[in-house]
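Containing compact mmCIF, C-alpha atoms: structure17.txt.
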```txt
# COMPACT_ATOMS: atom_id res chain seq x y z
CA MET A 24 -51.18 109.92 -12.58
CA LYS A 25 -54.63 108.39 -12.48
CA PHE A 26 -53.56 105.93 -15.21
CA ARG A 27 -50.56 104.78 -13.18
CA LEU A 28 -52.75 104.13 -10.15
CA MET A 29 -55.04 101.95 -12.28
CA ILE A 30 -52.10 99.87 -13.55
CA LEU A 31 -50.80 99.37 -10.00
CA ALA A 32 -54.26 98.28 -8.79
CA ILE A 33 -54.53 95.71 -11.61
CA LEU A 34 -51.05 94.25 -10.76
CA VAL A 35 -51.89 93.91 -7.07
CA THR A 36 -55.18 92.14 -7.95
CA VAL A 37 -53.41 89.66 -10.29
CA MET A 38 -50.72 88.87 -7.71
CA PHE A 39 -53.37 88.25 -5.04
CA LEU A 40 -55.28 85.84 -7.28
CA PHE A 41 -52.05 83.93 -8.22
CA THR A 42 -50.99 83.58 -4.60
CA ALA A 43 -54.42 82.40 -3.52
CA CYS A 44 -54.47 79.71 -6.25
CA SER A 45 -51.00 78.48 -5.28
CA ILE A 46 -51.92 78.22 -1.61
CA SER A 47 -55.12 76.39 -2.51
CA ASP A 48 -53.31 73.88 -4.78
CA THR A 49 -50.60 73.13 -2.17
CA SER A 50 -53.13 72.63 0.54
CA ASP A 51 -55.15 70.20 -1.58
CA SER A 52 -52.05 68.24 -2.55
CA THR A 53 -50.83 67.90 1.05
CA ASP A 54 -54.17 66.76 2.32
CA SER A 55 -54.47 64.20 -0.48
CA GLY A 56 -51.00 62.79 0.17
CA LEU A 57 -51.56 62.34 3.89
CA SER A 58 -54.84 60.66 3.22
CA SER A 59 -53.23 58.24 0.70
CA LYS A 60 -50.31 57.38 3.00
CA SER A 61 -52.49 56.73 5.96
CA SER A 62 -54.83 54.50 3.99
CA ALA A 63 -52.11 52.48 2.05
CA LYS A 64 -51.41 48.84 3.23
CA ALA A 65 -48.35 46.60 2.70
CA ILE A 66 -49.02 43.96 0.03
CA CYS A 67 -47.47 40.55 0.93
CA GLY A 68 -46.13 38.72 -2.08
CA ASN A 69 -45.31 41.69 -4.32
CA GLY A 70 -41.59 41.13 -3.84
CA ILE A 71 -41.13 44.46 -2.02
CA ILE A 72 -40.17 44.73 1.63
CA GLU A 73 -42.69 47.18 3.01
CA THR A 74 -43.25 48.74 6.41
CA GLY A 75 -44.61 46.22 8.89
CA GLU A 76 -43.52 43.15 6.95
CA THR A 77 -41.36 40.55 8.76
CA SER A 78 -40.43 36.94 8.14
CA ASP A 79 -43.08 36.04 10.70
CA ASN A 80 -45.94 37.60 8.75
CA CYS A 81 -44.72 37.81 5.15
CA CYS A 82 -41.95 35.35 4.27
CA LEU A 83 -43.01 35.70 0.63
CA ASP A 84 -41.18 39.06 0.59
CA ILE A 85 -38.65 38.53 3.42
CA GLU A 86 -36.40 35.46 3.18
CA CYS A 87 -36.57 32.92 5.98
CA PRO A 88 -33.46 32.25 8.10
CA ALA A 89 -31.46 29.04 7.69
CA PHE A 90 -33.27 25.74 8.40
CA SER A 91 -36.70 27.46 8.13
CA SER A 92 -39.24 27.33 5.33
CA CYS A 93 -42.13 29.65 4.31
CA LYS A 94 -45.53 28.19 5.11
CA GLU A 95 -49.15 29.33 5.40
CA LEU A 96 -50.06 29.40 9.06
CA ASN A 97 -53.31 30.21 10.84
CA GLN A 98 -53.06 33.10 13.28
CA GLY A 99 -56.48 33.49 14.86
CA ASP A 100 -58.91 34.20 12.08
CA LYS A 101 -56.16 35.16 9.63
CA VAL A 102 -53.83 33.13 7.41
CA VAL A 103 -50.28 34.47 7.19
CA ASN A 104 -47.15 33.40 5.33
CA ALA A 105 -44.69 32.83 8.18
CA CYS A 106 -41.33 31.10 8.56
CA ALA A 107 -41.56 27.73 10.29
CA LYS A 108 -38.38 26.05 11.61
CA ALA A 109 -37.81 22.65 10.03
CA LYS A 110 -37.24 19.55 12.13
CA LEU A 111 -33.60 18.49 12.29
CA GLU A 112 -34.29 15.34 10.27
CA GLU A 113 -36.02 17.39 7.54
CA THR A 114 -33.06 19.66 6.76
CA ASP A 115 -30.85 19.29 3.69
CA GLU A 116 -27.76 19.38 5.88
CA PHE A 117 -28.96 16.44 7.94
CA GLU A 118 -29.65 14.55 4.73
CA LYS A 119 -26.04 15.20 3.68
CA PHE A 120 -24.85 14.01 7.10
CA MET A 121 -26.71 10.72 6.74
CA GLY A 122 -25.29 10.28 3.24
CA TYR A 123 -21.74 10.62 4.57
CA TRP A 124 -22.59 8.16 7.35
CA GLU A 125 -23.87 5.57 4.87
CA GLU A 126 -20.71 5.92 2.76
CA GLU A 127 -18.49 5.52 5.83
CA SER A 128 -20.43 2.43 6.91
CA TRP A 129 -20.21 0.96 3.42
CA GLU A 130 -16.43 1.23 3.48
CA TYR A 131 -16.35 -0.77 6.73
CA SER A 132 -18.46 -3.50 5.13
CA LYS A 133 -15.56 -4.46 2.85
CA GLU A 134 -13.10 -7.21 3.70
CA GLY A 135 -10.36 -6.14 6.08
CA ASP A 136 -7.53 -5.64 3.59
CA LEU A 137 -9.77 -3.70 1.19
CA ILE A 138 -10.95 -1.08 3.70
CA ASN A 139 -9.62 2.39 2.84
CA PHE A 140 -9.22 4.20 6.15
CA ASP A 141 -8.36 7.47 4.38
CA THR A 142 -11.79 7.37 2.73
CA ILE A 143 -13.37 6.71 6.12
CA LEU A 144 -11.56 9.72 7.62
CA THR A 145 -12.81 11.93 4.76
CA LYS A 146 -16.41 10.87 5.39
CA ILE A 147 -16.13 11.46 9.13
CA ASN A 148 -14.72 14.95 8.49
CA GLN A 149 -17.66 15.68 6.20
CA MET A 150 -20.06 14.46 8.88
CA ASN A 151 -18.36 16.75 11.37
CA ARG A 152 -18.74 19.80 9.11
CA SER A 153 -22.45 19.10 8.70
CA VAL A 154 -22.87 18.85 12.46
CA ALA A 155 -21.10 22.21 12.89
CA LYS A 156 -23.62 23.87 10.55
CA LEU A 157 -26.61 22.21 12.21
CA SER A 158 -25.39 23.23 15.67
CA GLU A 159 -26.18 26.86 14.79
CA ALA A 160 -29.89 26.10 15.03
CA TYR A 161 -30.30 22.71 16.73
CA ASP A 162 -29.20 20.65 19.70
CA THR A 163 -26.61 18.39 18.09
CA ALA A 164 -25.04 16.89 21.23
CA LEU A 165 -25.93 13.33 20.19
CA LEU A 166 -24.59 13.81 16.64
CA GLU A 167 -21.35 15.28 18.00
CA ALA A 168 -20.90 12.36 20.40
CA PHE A 169 -21.50 9.85 17.62
CA VAL A 170 -19.06 11.56 15.21
CA ASN A 171 -16.38 11.64 17.92
CA TYR A 172 -16.97 7.93 18.46
CA ARG A 173 -16.50 7.28 14.72
CA TYR A 174 -13.15 9.12 14.84
CA GLU A 175 -12.04 6.97 17.78
CA ARG A 176 -13.36 3.77 16.21
CA ARG A 177 -11.33 4.43 13.07
CA GLU A 178 -8.22 5.06 15.19
CA TRP A 179 -8.85 1.81 17.05
CA ASN A 180 -9.13 -0.14 13.80
CA VAL A 181 -5.96 1.38 12.35
CA ASN A 182 -3.90 0.74 15.50
CA ARG A 183 -5.28 -2.77 15.89
CA GLY A 184 -4.45 -3.59 12.28
CA ASP A 185 -0.87 -2.37 12.74
CA LEU A 186 -0.43 -4.56 15.82
CA MET A 187 -1.91 -7.58 14.04
CA GLU A 188 0.51 -7.09 11.17
CA GLN A 189 3.46 -6.88 13.57
CA MET A 190 2.25 -9.96 15.42
CA ASN A 191 2.00 -12.01 12.23
CA LYS A 192 5.62 -11.18 11.42
CA GLU A 193 6.95 -11.77 14.94
CA SER A 194 8.89 -14.97 15.57
CA ASP A 195 9.88 -14.24 19.17
CA GLU A 196 7.25 -15.73 21.46
CA THR A 197 7.69 -13.16 24.24
CA LYS A 198 7.29 -10.20 21.85
CA TYR A 199 4.35 -11.99 20.21
CA LYS A 200 2.53 -12.16 23.53
CA GLN A 201 3.36 -8.53 24.29
CA LEU A 202 1.75 -7.44 21.02
CA PHE A 203 -1.28 -9.60 21.76
CA SER A 204 -1.60 -7.94 25.18
CA GLN A 205 -1.60 -4.52 23.49
CA ILE A 206 -4.44 -5.64 21.21
CA ILE A 207 -6.47 -6.68 24.25
CA GLU A 208 -5.90 -3.26 25.86
CA LEU A 209 -7.05 -1.54 22.66
CA ASP A 210 -10.22 -3.64 22.65
CA LYS A 211 -10.91 -2.77 26.28
CA ALA A 212 -10.55 0.96 25.49
CA GLU A 213 -13.05 0.55 22.64
CA LEU A 214 -15.46 -1.16 25.04
CA GLU A 215 -15.12 1.75 27.48
CA ARG A 216 -16.10 4.17 24.71
CA LEU A 217 -19.20 2.11 23.99
CA ASN A 218 -20.06 1.97 27.68
CA ALA A 219 -19.83 5.78 27.88
CA PHE A 220 -23.18 6.10 26.06
CA ASP A 221 -26.14 6.04 28.43
CA ASP A 222 -29.24 3.95 27.69
CA ALA A 223 -31.20 6.89 26.26
CA GLN A 224 -28.37 7.74 23.84
CA LEU A 225 -28.06 4.10 22.82
CA ASP A 226 -31.75 3.97 21.94
CA GLU A 227 -31.52 7.21 19.94
CA ILE A 228 -28.42 6.05 18.08
CA ASN A 229 -30.05 2.75 17.23
CA ASP A 230 -33.18 4.53 15.95
CA LEU A 231 -31.33 7.26 14.06
CA PHE A 232 -28.42 5.35 12.55
CA ASP A 233 -29.62 1.74 12.70
CA TYR A 234 -26.36 1.04 14.54
CA ASP A 235 -26.90 -1.35 17.43
CA ILE A 236 -24.31 -0.40 20.03
CA PHE A 237 -25.86 -2.91 22.46
CA GLU A 238 -24.95 -5.74 20.08
CA ARG A 239 -21.57 -4.23 19.27
CA ARG A 240 -20.80 -3.97 22.98
CA ASP A 241 -21.81 -7.59 23.68
CA VAL A 242 -19.73 -8.90 20.78
CA LEU A 243 -16.69 -6.97 22.00
CA LYS A 244 -17.12 -8.26 25.56
CA SER A 245 -17.16 -11.83 24.26
CA GLN A 246 -14.15 -11.15 22.03
CA ILE A 247 -12.10 -9.71 24.91
CA LYS A 248 -12.96 -12.73 27.08
CA GLU A 249 -11.72 -15.12 24.38
CA GLU A 250 -8.54 -13.07 23.87
CA GLU A 251 -7.74 -13.08 27.57
CA GLU A 252 -8.25 -16.84 27.72
CA LEU A 253 -5.92 -17.30 24.74
CA LEU A 254 -3.29 -15.10 26.35
CA GLU A 255 -3.59 -17.08 29.58
CA LEU A 256 -3.01 -20.27 27.60
CA ALA A 257 -0.09 -18.70 25.76
CA ASN A 258 1.53 -17.84 29.08
CA LYS A 259 1.37 -21.49 30.11
CA GLU A 260 4.29 -23.71 29.16
CA HIS A 261 3.82 -26.41 26.56
CA GLU A 262 4.25 -29.95 27.86
CA ILE A 263 5.20 -32.13 24.94
CA GLU A 264 7.22 -35.33 25.03
CA LEU A 265 9.49 -36.06 22.05
CA SER A 266 11.30 -39.30 21.10
CA VAL A 267 13.08 -40.77 18.09
CA VAL A 268 11.01 -43.81 17.15
CA ASP A 269 12.88 -45.02 14.05
CA TYR A 270 15.29 -44.00 11.33
CA ASN A 271 16.71 -45.51 8.15
CA PRO A 272 20.24 -44.72 6.90
CA THR A 273 21.55 -44.87 3.36
CA CYS A 274 25.23 -44.76 2.29
CA TYR A 275 26.63 -44.45 -1.24
CA SER A 276 29.30 -47.11 -1.77
CA TYR A 277 31.01 -45.16 -4.53
CA SER A 278 31.44 -41.99 -2.47
CA ASP A 279 31.30 -43.28 1.06
CA GLU A 280 28.72 -40.62 1.97
CA CYS A 281 25.61 -41.26 4.07
CA PHE A 282 22.27 -39.65 5.01
CA LEU A 283 18.96 -40.69 6.61
CA ASP A 284 16.13 -41.73 4.30
CA TYR A 285 13.70 -40.83 7.06
CA VAL A 286 13.40 -40.13 10.74
CA LYS A 287 10.22 -40.93 12.68
CA VAL A 288 9.60 -38.73 15.71
CA GLY A 289 7.12 -39.74 18.45
CA ILE A 290 5.07 -36.82 19.84
CA LYS A 291 2.84 -36.72 22.94
CA ASN A 292 1.11 -33.51 24.03
CA VAL A 293 0.52 -34.10 27.76
CA GLY A 294 -0.08 -30.42 28.58
CA GLU A 295 -3.12 -28.11 28.57
CA ILE A 296 -2.46 -26.15 25.39
CA PRO A 297 -2.06 -27.06 21.72
CA LEU A 298 1.03 -26.17 19.73
CA SER A 299 0.32 -24.40 16.46
CA ASN A 300 2.68 -24.40 13.47
CA PRO A 301 5.12 -27.05 14.77
CA THR A 302 8.59 -27.08 13.18
CA PHE A 303 11.61 -29.32 13.74
CA ASP A 304 15.39 -28.99 13.75
CA PHE A 305 17.47 -32.09 12.97
CA TYR A 306 21.17 -32.20 13.91
CA ILE A 307 23.60 -35.02 13.15
CA MET A 308 26.58 -34.61 15.48
CA LYS A 309 29.95 -36.18 16.08
CA LEU A 310 30.77 -35.57 19.72
CA ASP A 311 30.06 -31.80 20.07
CA SER A 312 30.58 -30.98 16.40
CA VAL A 313 27.51 -30.50 14.18
CA LYS A 314 28.04 -32.34 10.89
CA SER A 315 24.59 -31.86 9.41
CA ARG A 316 21.76 -29.42 10.14
CA ASP A 317 18.19 -29.32 8.78
CA ILE A 318 16.29 -26.54 10.57
CA ASP A 319 12.74 -25.13 10.51
CA THR A 320 11.34 -28.15 8.65
CA TYR A 321 7.57 -28.62 8.65
CA ALA A 322 4.76 -30.44 6.85
CA TYR A 323 1.77 -28.65 5.28
CA ASP A 324 -0.66 -31.24 6.65
CA PHE A 325 0.67 -31.03 10.21
CA ASP A 326 -0.24 -27.53 11.37
CA GLU A 327 -1.09 -28.25 15.01
CA ILE A 328 -0.29 -30.62 17.86
CA PRO A 329 -3.58 -30.65 19.79
CA VAL A 330 -3.97 -31.41 23.48
CA GLY A 331 -3.83 -35.17 24.02
CA TYR A 332 -2.10 -35.86 20.70
CA ASP A 333 -0.06 -39.10 20.60
CA GLY A 334 1.38 -39.78 17.18
CA VAL A 335 4.39 -39.87 14.85
CA TYR A 336 5.89 -37.21 12.59
CA LYS A 337 8.04 -38.41 9.68
CA GLU A 338 10.80 -36.33 8.07
CA THR A 339 12.66 -37.56 4.96
CA TYR A 340 16.19 -36.98 3.58
CA VAL A 341 17.77 -35.84 6.81
CA GLY A 342 21.45 -34.99 6.34
CA TYR A 343 21.19 -35.24 2.55
CA ASP A 344 22.53 -31.71 2.09
CA SER A 345 25.03 -31.91 4.92
CA MET A 346 27.57 -29.28 5.97
CA ASP A 347 30.29 -31.94 5.79
CA SER A 348 30.27 -35.32 4.15
CA LEU A 349 28.88 -38.00 6.45
CA PRO A 350 30.99 -41.14 6.18
CA PRO A 351 29.75 -44.37 7.75
CA GLY A 352 30.07 -44.50 11.51
CA SER A 353 28.41 -43.65 14.80
CA TYR A 354 26.73 -40.30 15.39
CA THR A 355 24.22 -38.54 17.64
CA LEU A 356 20.88 -37.49 16.18
CA LYS A 357 19.28 -34.55 18.00
CA VAL A 358 15.70 -33.35 17.27
CA ASN A 359 14.23 -30.06 18.53
CA LEU A 360 10.55 -29.11 18.41
CA LYS A 361 9.62 -25.40 18.06
CA ARG A 362 6.68 -23.23 17.09
CA GLY A 363 7.21 -21.62 13.70
CA VAL A 364 10.67 -20.18 13.14
CA SER A 365 11.08 -19.24 16.80
CA THR A 366 14.42 -19.99 18.41
CA LYS A 367 12.71 -21.24 21.57
CA VAL A 368 12.88 -25.03 21.89
CA ILE A 369 9.71 -26.56 23.32
CA ALA A 370 10.87 -30.18 23.44
CA THR A 371 13.98 -32.11 22.43
CA ALA A 372 15.12 -35.72 21.96
CA SER A 373 18.49 -37.33 21.21
CA THR A 374 19.59 -40.83 20.25
CA SER A 375 22.70 -42.59 18.97
CA ILE A 376 22.57 -43.64 15.32
CA THR A 377 24.77 -45.69 13.04
CA LEU A 378 25.27 -44.80 9.39
CA ARG A 379 26.25 -47.71 7.18
```

Do you think you could lay out the structure here as structure tokens?
Amino acid sequence: MKFRLMILAILVTVMFLFTACSISDTSDSTDSGLSSKSSAKAICGNGIIETGETSDNCCLDIECPAFSSCKELNQGDKVVNACAKAKLEETDEFEKFMGYWEEESWEYSKEGDLINFDTILTKINQMNRSVAKLSEAYDTALLEAFVNYRYERREWNVNRGDLMEQMNKESDETKYKQLFSQIIELDKAELERLNAFDDAQLDEINDLFDYDIFERRDVLKSQIKEEEELLELANKEHEIELSVVDYNPTCYSYSDECFLDYVKVGIKNVGEIPLSNPTFDFYIMKLDSVKSRDIDTYAYDFDEIPVGYDGVYKETYVGYDSMDSLPPGSYTLKVNLKRGVSTKVIATASTSITLR
């Protein structure tokens, strides 16, 4: 019995010592950990995002937002690595924008027929996408206004080119003037777009893009003035006097067929406007029947009848390729003056002729 009590006493003593050691170890460990945690500091630049680190005090570990770069900045007596927002002109996206602008401008520098307006549209679209990205962080109102203007300027060029092409093919004088009027209206709309920029914007655009809208506006004003003066002249009637000055007939004795070696036509422009691209119709008639017709004849060296002109135009081999044979006899020679291949007769002259 006494032996058992001794064993029990030993076990209780051992258990007490074990428990005491465990409690002592745990307590030491906890105290040490708290002390370490409270004394530890975040280390900027170790590549680990630690408590207290932000892009404003440690951009070496935390990435800067778009259009910002990591720089060493002084904050009081400390130097911190903080994100600094880049100026608009310093961003990569703005550099891309200016590259697209230069490529669009280069395309316009080509001669008219060589300009690729599809390429221009592509560049403007690329400019627009760059502006959309920049607008997330910057005031891009001026860039947006300029890009919109480039869209409209391209549209103006395309539409104007189409009208010019139609005008060059048009032989009807009335329709020709209608097309010219449409071109003037297009030019006036372009001038309104240029006038929509205020003086401050014009200065900024000139500085930023080296694109002088002041000069562009003045040139367009002058161009519109000239176009309106030309249209006013075109609406005036030509005053040209026509006469048959001389002619020389030839007849073949073996075939009894005749034609005119030449016809000399006297021309006086007594009006206020010149006549460009003059053409002539020659008719040899018997009573009311046309026997010979030479129409839309012209000379390469006679491309205009200027105001005040008083001279002679000579046409050869009139009636040589006649509709019917022209036997010797009396006829009427009728001459019409036109502009180009238009059907409108500007002046006419008739005289009796004898073929023999």

Checklist outcome for this item: Nearest to Val288 in chain A, restricted to all atoms listed in the file and choosing among A:Asp344, A:Leu360, A:Asp319, A:Leu243, comes out as A:Leu360

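Coordinates place CA of Tyr174 in chain A at a distance of 12.3 Å from CA of Thr142 in chain A.
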
Next on the checklist: Just want the 12 Å neighbourhood of Phe203 in chain A, counted on all atoms listed in the file, with same-chain residues fewer than 2 positions away dropped. Output as a PyMOL selection string.
Outcome noted: chain A and resi 183-191+193+196-201+205-210+247+250-255+257-258

Next on the checklist: One decimal, in Å: what's the spacing between CA of Phe120 in chain A and CA of Arg177 in chain A?
Outcome noted: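 Separation between CA of Phe120 in chain A and CA of Arg177 in chain A: 17.6 Å.
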
Next on the checklist: Restricting the calculation to only C-alpha atoms: of A:Ala89, A:Val170, A:Leu256, A:Val293, which residue gets closest to Lys156 in chain A?
Outcome noted: A:Ala89

Next on the checklist: For Asp317 in chain A, find every residue with an atom within 8 Å (counting only C-alpha atoms), except residues of its own chain fewer than 6 positions away, and show them as a list in words.
Outcome noted: Asp304, Phe305, Tyr306, Val341 and Gly342 of chain A

Item to check | Residue nearest Val103 in chain A among A:Ser299, A:Tyr172, A:Cys82, A:Ser153 (counting all atoms listed in the file) | outcome: A:Cys82

Next on the checklist: One number please: CA of Ala219 in chain A to CA of Asp233 in chain A, in Å, one decimal.
Outcome noted: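 Taking CA of Ala219 in chain A and CA of Asp233 in chain A, their separation equals 18.5 Å.
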
Per-residue nearest contacts of range 256-291 of chain A to range 330-337 of chain A (10 Å; all atoms listed in the file) as JSON lines:
```
{"residue": "A:His261", "atom": "CA", "partner": "A:Val330", "partner_atom": "CA", "distance": 9.8}
{"residue": "A:Glu262", "atom": "CA", "partner": "A:Val330", "partner_atom": "CA", "distance": 9.4}
{"residue": "A:Ile263", "atom": "CA", "partner": "A:Tyr332", "partner_atom": "CA", "distance": 9.2}
{"residue": "A:Glu264", "atom": "CA", "partner": "A:Asp333", "partner_atom": "CA", "distance": 9.3}
{"residue": "A:Leu265", "atom": "CA", "partner": "A:Val335", "partner_atom": "CA", "distance": 9.6}
{"residue": "A:Ser266", "atom": "CA", "partner": "A:Val335", "partner_atom": "CA", "distance": 9.3}
{"residue": "A:Val267", "atom": "CA", "partner": "A:Val335", "partner_atom": "CA", "distance": 9.3}
{"residue": "A:Val268", "atom": "CA", "partner": "A:Val335", "partner_atom": "CA", "distance": 8.0}
{"residue": "A:Asp269", "atom": "CA", "partner": "A:Lys337", "partner_atom": "CA", "distance": 9.3}
{"residue": "A:Tyr270", "atom": "CA", "partner": "A:Lys337", "partner_atom": "CA", "distance": 9.3}
{"residue": "A:Tyr285", "atom": "CA", "partner": "A:Lys337", "partner_atom": "CA", "distance": 6.7}
{"residue": "A:Val286", "atom": "CA", "partner": "A:Lys337", "partner_atom": "CA", "distance": 5.7}
{"residue": "A:Lys287", "atom": "CA", "partner": "A:Lys337", "partner_atom": "CA", "distance": 4.5}
{"residue": "A:Val288", "atom": "CA", "partner": "A:Tyr336", "partner_atom": "CA", "distance": 5.1}
{"residue": "A:Gly289", "atom": "CA", "partner": "A:Val335", "partner_atom": "CA", "distance": 4.5}
{"residue": "A:Ile290", "atom": "CA", "partner": "A:Gly334", "partner_atom": "CA", "distance": 5.4}
{"residue": "A:Lys291", "atom": "CA", "partner": "A:Asp333", "partner_atom": "CA", "distance": 4.4}
```

Checklist entry - Which is closest to Asp241 in chain A among A:Leu217, A:Leu137, A:Ala109, A:Cys67, if we use all atoms listed in the file? => result A:Leu217

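The closest residue to Ile228 in chain A, picked from A:Ala168, A:Leu202, A:Cys274, A:Ile85 and counting all atoms listed in the file, is A:Ala168.
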
Item to check | Who sits within 12 Å of Val102 in chain A, all atoms listed in the file, same chain under 5 positions skipped, as a VMD selection string | outcome: chain A and resid 67 79 to 81 94 to 97
